[in-house]
Protein chains: 2
Amino acid sequence: MPGIHRRVADEVFDRLHEQIATGAVAPGDRLDPTEIAASYGVSRTPVREAILRLDAQGLVERLPYRGVVVTGVDLAAAEDVAAMRIQLETLAVQAALPHLTEETLDRMRELHEELRSRVDGPDAQQAFSGLNREFHMTLYRLAGSPTLIRLLTDLSAQAERMRLHFDVRRGRADDDHARILAALAAGDAEEAVAATRDHLFGALVMMMPASFGVTPGSTLDAALRTSGWVPETAR
Amino acid sequence: MPGIHRRVADEVFDRLHEQIATGAVAPGDRLDPTEIAASYGVSRTPVREAILRLDAQGLVERLPYRGVVVTGVDLAAAEDVAAMRIQLETLAVQAALPHLTEETLDRMRELHEELRSRVDGPDAQQAFSGLNREFHMTLYRLAGSPTLIRLLTDLSAQAERMRLHFDVRRGRADDDHARILAALAAGDAEEAVAATRDHLFGALVMMMPASFGVTPGSTLDAALRTSGWVPETAR
DNA sequence: GGATTGGATATTGGATCCACAATGGACGTT
DNA sequence: AACGTCCATTGTGGATCCAATATCCAATCC
């Protein structure tokens with residue numbers, strides 16, 4: 001049984017990933033490998049490995065001989081990531097639906113309830129992140145695509161970081177999840193896709209200024225249309 | 001001008017990436033960091049960094065304390081990667097088209113001609129890989145999405161590795177490219193998407209046994225349908 | 001007075017060294 | 001003779017050491 005191995009580098013990676021995803025270290029902040037190594041009581045080597053992995057996920061940027069900083073977030077990046085998620089998660093929904101079992105649906109309902117009950121808790125933000133991700137991933141795993149899971153995991157971490165940066169509270173997420181569950185239970189693929197798309201799009205919109213409109217010809221525009229979205233002007 | 005800096009690790013990464021993408025080291029082969037370091041005349045440190053990055057891209061697998069092997073390829077993985085590419089490249093086409101200029105189109109035509117002329121050359125396979133990727137990427141860059149480029153670059157490397165593993169010659173690629181160019185020139189988004197999808201799907205089909213059919217409910221099935229594909233049985 | 005260059009300092013990237021885990025073979029036991 | 005255990009060997013992961021590069025500041029020149 002390989003995989004049970006916990007190397008120091010794994011530990012460091014998890015802790016740094018957590019720090020970044022939760023916004024404990026903000027975008028633009030500098031990560032000092034020496035300092036981190038000292039504070040964790042390890043050498044710089046595993047810290048370097050962890051940073052390499054964070055870089056591959058796009059969470060940090062390594063400036064040669066000039067240190068490593070947490071990747072900055074701006075609205076353009078948020079829109080970019082949202083577009084990719086819409087394109088891939090709507091695919092995941094479609095591919096997962098045919099393999100949906102009552103058991104998985106129950107598991108999702110559990111997570112849904114758990115989310116509702118925690119909406120006003122002390123660590124609401126923290127709990128939301130984990131439970132929300134697990135709710136969606138439970139479904140997506142049914143698609144049976146390791147690549148898809150890998151991409152979505154990375155993108156989720158990015159998105160979560162942005163959500164926290166822009167201080168977006170997701171009160172409406174419950175309703176979105178209920179809508180998704182209903183569509184899944186009814187076996188309505190089109191509605192499940194639409195609900196997922198609106199869920200992701202809604203999170204993005206809350207980060208944007210009031211005057212926000214989808215830029216025609218953007219990846220976001222394209223992804224929205226692919227998933228059946230109809231622009232305001234055409235309605 | 002910093003940023004153009006070439007570190008040793010970058011060099012090692014490029015060489016290893018090349019070796020893997022071109023199949024010089026086959027799937028399942030073991031990579032010995034010590035041996036690589038010696039043959040390149042460097043220490044193990046930059047080799048380790050390079051391997052870390054290859055791992056993040058899914059090109060190699062690191063078995064804790066047991067070495068690193070080139071990720072195996074099978075038909076399921078090929079199908080998986082193809083599905084992701086279809087989903088993302090069709091998005092890229094749609095987002096790029098509105099920003100298409102005559103200049104870019106000319107650049108693509110150049111690459112197209114170059115590809116045709118090299119079809120029977122000595123290093124045909126090698127040339128094809130690079131030129132084909134550049135042909136598509138030239139278009140996709142117009143979408144203005146760093147994330148999309150990053151994901152597609154990784155997926156392309158995977159796909160190329162599989163293509164070479166299954167020893168697929170892409171004679172038809174020329175025709176596909178011509179079709180894409182025509183659609184782009186005409187500003188026909190739907191046709192450009194269809195052409196791109198068929199291009200990618202065609203490459204996958206050539207890896208499959210003759211009896212191959214798209215599994216209903218797979219990510220491939222979903223991606224194909226999203227891009228407007230109609231299954232045989234429904235035609 | 002401002003800009004440019006040279007050196008001091010700090011920090012990253014690379015090389016080397018060390019410890020521990022994992023395989024393979026030898027030996028002993030049943 | 002077969003199986004299990006122990007030890008030696010190999011090699012990965014981590015720690016430490018060294019070199020190369022960027023930044024910062026001061027001195028010098030225009």
# chains A, B, ... in the order shown; residues from 1 in each chain; ligands from 1
>>> select_by_dssp(residues="range 77-210 of chain A", states="helix (DSSP H, G or I)", output="ChimeraX atom specification")
/A:77-99,102-117,124-143,146-165,173-186,189-205
>>> interface_residues(of="chain B", to="chain D", cutoff="7 Å", atoms="only C-alpha atoms (C1' of nucleotides)", output="PyMOL selection string")
chain B and resi 65-67
>>> calpha_fit_rmsd(fixed="chain B", moving="chain A")
0.3 Å
>>> closest_atom_pairs(of="chain A", to="chain B", cutoff="6 Å", atoms="only C-alpha atoms", output="JSON lines")
{"residue": "A:Ala95", "atom": "CA", "partner": "B:Thr219", "partner_atom": "CA", "distance": 5.1}
{"residue": "A:Pro98", "atom": "CA", "partner": "B:Gly217", "partner_atom": "CA", "distance": 5.7}
{"residue": "A:Gly217", "atom": "CA", "partner": "B:Ala95", "partner_atom": "CA", "distance": 5.3}
{"residue": "A:Ser218", "atom": "CA", "partner": "B:Ala95", "partner_atom": "CA", "distance": 5.5}
{"residue": "A:Thr219", "atom": "CA", "partner": "B:Ala95", "partner_atom": "CA", "distance": 5.1}
{"residue": "A:Ala222", "atom": "CA", "partner": "B:Ala95", "partner_atom": "CA", "distance": 5.7}
>>> write_last_selection(atoms="C-alpha atoms", output="compact mmCIF listing (two decimals), in the first residue's frame")
# COMPACT_ATOMS: atom_id res chain seq x y z
CA ALA A 95 -20.61 12.97 -17.45
CA PRO A 98 -25.59 8.89 -15.95
CA GLY A 217 -15.79 37.58 -26.87
CA SER A 218 -14.27 36.69 -23.53
CA THR A 219 -13.67 33.14 -22.35
CA ALA A 222 -17.95 31.67 -24.46
>>> closest_atom_pairs(of="chain C", to="chain A", cutoff="10 Å", atoms="only C-alpha atoms (C1' of nucleotides)", output="JSON lines")
{"residue": "C:DT11", "atom": "C1'", "partner": "A:Tyr65", "partner_atom": "CA", "distance": 7.4}
{"residue": "C:DT12", "atom": "C1'", "partner": "A:Tyr65", "partner_atom": "CA", "distance": 4.7}
{"residue": "C:DG13", "atom": "C1'", "partner": "A:Tyr65", "partner_atom": "CA", "distance": 7.4}
>>> residues_around(residues="Met108 in chain B", least_positions_apart="6", cutoff="8 Å", atoms="only C-alpha atoms (C1' of nucleotides)", output="NGL selection string")
:B and (135 or 138-139 or 181)
>>> atom_distance(atom1="CA of Glu35 in chain A", atom2="CA of Val69 in chain A")
13.8 Å
